[in-house]
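A.B. asks: Okay, here's the structure, questions in a sec.
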Amino acid sequence: MAIVNTLGRPLEFDPDKAIDAAIEVFWCKGYEATSMTDLLEAMNLSKSSLYQTFGSKRQLFKRCLSRYVDNLSAEMTQELENASSGRSFIEDTFVSIANTAQQPEGAKGCLVGNSANEFGQREPALTAPVTDGLNRFARVFTDAVVKAQAEGSISADADPLALGNYLVGTMNGLRMMIKAGADKRSAKGMVTLILKALN
């Protein structure tokens with residue numbers, strides 16, 4: 001079935017691939033520093049096609065954030081389901097992040113964390129999807145804590161929701177440090193301290 005744009009004509013490009021290309025630009029440059037020229041070149045679109053299909057730069061960014069959150073939360077959920085234990089999921093997640101230190105992936109940070117730092121609370125329309133993303137990531141970590149408590153590897157007295165929020169906060173802090181240039185040894189040292197809170 002052909003995808004139709006707002007004018008009723010079939011699109012001559014894949015909207016999903018175009019959004020993925022836009023995500024990379026916003027992820028690397030941030031919202032404010034990304035120009036329409038940057039987006040048009042990365043998405044390989046004319047200005048009219050971009051506006052007709054995605055609306056304004058702000059609307060496109062919100063779609064990009066939503067796609068990023070959907071993909072990352074789904075990936076985390078799948079990894080939790082496949083993990084040998086709830087605690088191993090948490091540990092593996094943080095070690096994996098530490099391993100991005102001084103790598104191209106680590107230099108990008110996290111689109112949600114980057115956006116939270118860029119906007120703070122001054123752009124409600126843009127911070128809403130950021131907050132949604134942080135909450136969804138926290139729920140995955142909370143589920144992992146509950147699973148680990150049932151397995152006996154995290155104290156049953158611990159507050160799962162508090163630990164879930166703590167893990168999201170420290171995950172974003174770790175990614176920010178790596179983005180700023182922390183080396184792998186420093187990153188892994190931080191992970192060791194972060195995970196001590198689970199004992």
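So you can find residues: chains in the structure tokens are A, B, ... in the order shown, residues in each start at 1, and ligands are numbered from 1 in order.
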Per residue of stretch 93-158 of chain A within 6 Å of stretch 167-188 of chain A, record the nearest atom pair and its distance in Å to one decimal, counting only C-alpha atoms, with rows in chain order and ascending residue number, as a tab-separated table.
C.D. replies:
```
residue	atom	partner	partner_atom	distance
A:Ala98	CA	A:Ala187	CA	5.1
A:Ala101	CA	A:Lys184	CA	5.0
A:Gln102	CA	A:Asp183	CA	5.9
A:Gly106	CA	A:Lys179	CA	5.7
A:Ala107	CA	A:Lys179	CA	4.3
A:Gly109	CA	A:Arg175	CA	5.3
A:Gly113	CA	A:Asn172	CA	5.9
A:Ala138	CA	A:Val168	CA	5.7
```
A.B. asks: Compile a residue-level contact table for stretch 86-199 of chain A against stretch 57-64 of chain A at a cut-off of 9 Å, reporting for every qualifying residue the shortest atom pair and its distance in Å to one decimal, with only C-alpha atoms counted, rows ordered by chain and ascending number, as CSV.
C.D. replies:
```
residue,atom,partner,partner_atom,distance
A:Ala125,CA,A:Lys62,CA,8.5
A:Leu126,CA,A:Lys62,CA,6.6
A:Pro129,CA,A:Lys62,CA,7.0
```
A.B. asks: Selection from above, all heavy atoms, as a PDB file, in the first residue's frame, can you write it?
C.D. replies:
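This went into again_8.pdb:
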```
ATOM      1  N   ALA A 125       6.597  21.974  25.406  1.00  0.00           N
ATOM      2  CA  ALA A 125       6.184  21.108  24.298  1.00  0.00           C
ATOM      3  C   ALA A 125       7.263  20.095  23.943  1.00  0.00           C
ATOM      4  O   ALA A 125       6.968  19.005  23.448  1.00  0.00           O
ATOM      5  CB  ALA A 125       5.839  21.952  23.073  1.00  0.00           C
ATOM      6  N   LEU A 126       8.515  20.453  24.193  1.00  0.00           N
ATOM      7  CA  LEU A 126       9.617  19.554  23.866  1.00  0.00           C
ATOM      8  C   LEU A 126      10.081  18.744  25.067  1.00  0.00           C
ATOM      9  O   LEU A 126      10.621  17.647  24.906  1.00  0.00           O
ATOM     10  CB  LEU A 126      10.796  20.358  23.298  1.00  0.00           C
ATOM     11  CG  LEU A 126      10.511  21.089  21.988  1.00  0.00           C
ATOM     12  CD1 LEU A 126      11.736  21.874  21.539  1.00  0.00           C
ATOM     13  CD2 LEU A 126      10.095  20.114  20.889  1.00  0.00           C
ATOM     14  N   PRO A 129       7.983  14.965  25.825  1.00  0.00           N
ATOM     15  CA  PRO A 129       8.467  13.663  25.362  1.00  0.00           C
ATOM     16  C   PRO A 129       9.765  13.242  26.043  1.00  0.00           C
ATOM     17  O   PRO A 129      10.041  12.043  26.171  1.00  0.00           O
ATOM     18  CB  PRO A 129       8.668  13.860  23.856  1.00  0.00           C
ATOM     19  CG  PRO A 129       8.734  15.334  23.639  1.00  0.00           C
ATOM     20  CD  PRO A 129       7.896  15.934  24.712  1.00  0.00           C
TER      21      PRO A 129
END
```
A.B. asks: If you measure from atom CA of A:Lys29 to atom CA of A:Glu12, what distance in Å do you get, rounded to one decimal?
C.D. replies: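 Computing the Euclidean distance for atom CA of A:Lys29 and atom CA of A:Glu12 yields 27.1 Å.
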A.B. asks: What does the structure give for the distance between atom CA of A:Cys28 and atom CA of A:Ser49, in Å to one decimal?
C.D. replies: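 Computed distance, atom CA of A:Cys28 to atom CA of A:Ser49, equals 23.1 Å.
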A.B. asks: Mind the document's chain letters and residue numbers, and return as a ChimeraX atom specification the residues of stretch 55-168 of chain A that DSSP labels alpha helix (DSSP H).
C.D. replies: /A:57-82,86-98,104-108,111-119,124-151,160-168
A.B. asks: Identify which of the residues A:Leu134, A:Glu151, A:Tyr31, A:Val191 lies closest to A:Glu91, counting only C-alpha atoms when measuring atom-to-atom distances.
C.D. replies: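 Result for the nearest residue to A:Glu91: A:Val191.
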A.B. asks: Counting only C-alpha atoms, which residue out of A:Glu123, A:Tyr166, A:Val69, A:Arg87 sits closest to A:Ala150?
C.D. replies: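 Under the stated criterion, the closest residue is A:Arg87.
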A.B. asks: Point out the residue among A:Thr127, A:Thr37, A:Gln52, A:Gln121 with the least atom-to-atom distance to A:Leu65, counting only C-alpha atoms.
C.D. replies: A:Thr127
A.B. asks: Give me, please, the distance in Å between atom CA of A:Ala21 and atom CA of A:Thr100, quoted to one decimal.
C.D. replies: 21.3 Å
A.B. asks: When you count only C-alpha atoms, which of these residues is closest to A:Trp27: A:Glu105, A:Asp70, A:Asp92, A:Asp143?
C.D. replies: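 When distances to A:Trp27 are compared using only C-alpha atoms, the smallest one comes from A:Glu105.
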A.B. asks: Between A:Leu80, A:Ala74, A:Met43, A:Ala33, single out the one closest to A:Pro15, counting only C-alpha atoms.
C.D. replies: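 Of A:Leu80, A:Ala74, A:Met43, A:Ala33, the one nearest A:Pro15, counting only C-alpha atoms, is A:Met43.
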A.B. asks: Of the candidates A:Val95, A:Ala22, A:Ala42, A:Val112, which shows the shortest atom-to-atom distance to A:Met190, using only C-alpha atoms?
C.D. replies: A:Val95
A.B. asks: Give me the residues near A:Lys147 as an NGL selection string, where near means some atom within 9 Å (using only C-alpha atoms) and where sequence neighbours in that chain fewer than 6 positions away do not count.
C.D. replies: :A and (85-87 or 153-154)
A.B. asks: For N, CA, C and O atoms, I'd like the residues from the last selection saved as a PDB file, in the first residue's frame.
C.D. replies:
```pdb
ATOM      1  N   SER A  85      19.301 -12.692  34.780  1.00  0.00           N
ATOM      2  CA  SER A  85      18.721 -12.229  36.038  1.00  0.00           C
ATOM      3  C   SER A  85      18.470 -10.723  35.939  1.00  0.00           C
ATOM      4  O   SER A  85      19.014 -10.050  35.057  1.00  0.00           O
ATOM      5  N   GLY A  86      17.666 -10.210  36.868  1.00  0.00           N
ATOM      6  CA  GLY A  86      17.398  -8.779  36.886  1.00  0.00           C
ATOM      7  C   GLY A  86      18.656  -7.978  37.175  1.00  0.00           C
ATOM      8  O   GLY A  86      18.908  -6.943  36.550  1.00  0.00           O
ATOM      9  N   ARG A  87      19.470  -8.466  38.105  1.00  0.00           N
ATOM     10  CA  ARG A  87      20.698  -7.746  38.446  1.00  0.00           C
ATOM     11  C   ARG A  87      21.695  -7.768  37.296  1.00  0.00           C
ATOM     12  O   ARG A  87      22.359  -6.761  37.028  1.00  0.00           O
ATOM     13  N   SER A 153      18.926 -11.105  44.724  1.00  0.00           N
ATOM     14  CA  SER A 153      20.199 -10.412  44.491  1.00  0.00           C
ATOM     15  C   SER A 153      20.148  -8.927  44.840  1.00  0.00           C
ATOM     16  O   SER A 153      21.169  -8.238  44.801  1.00  0.00           O
ATOM     17  N   ILE A 154      18.958  -8.404  45.162  1.00  0.00           N
ATOM     18  CA  ILE A 154      18.795  -7.054  45.686  1.00  0.00           C
ATOM     19  C   ILE A 154      17.886  -7.159  46.896  1.00  0.00           C
ATOM     20  O   ILE A 154      16.903  -7.902  46.882  1.00  0.00           O
TER      21      ILE A 154
END
```
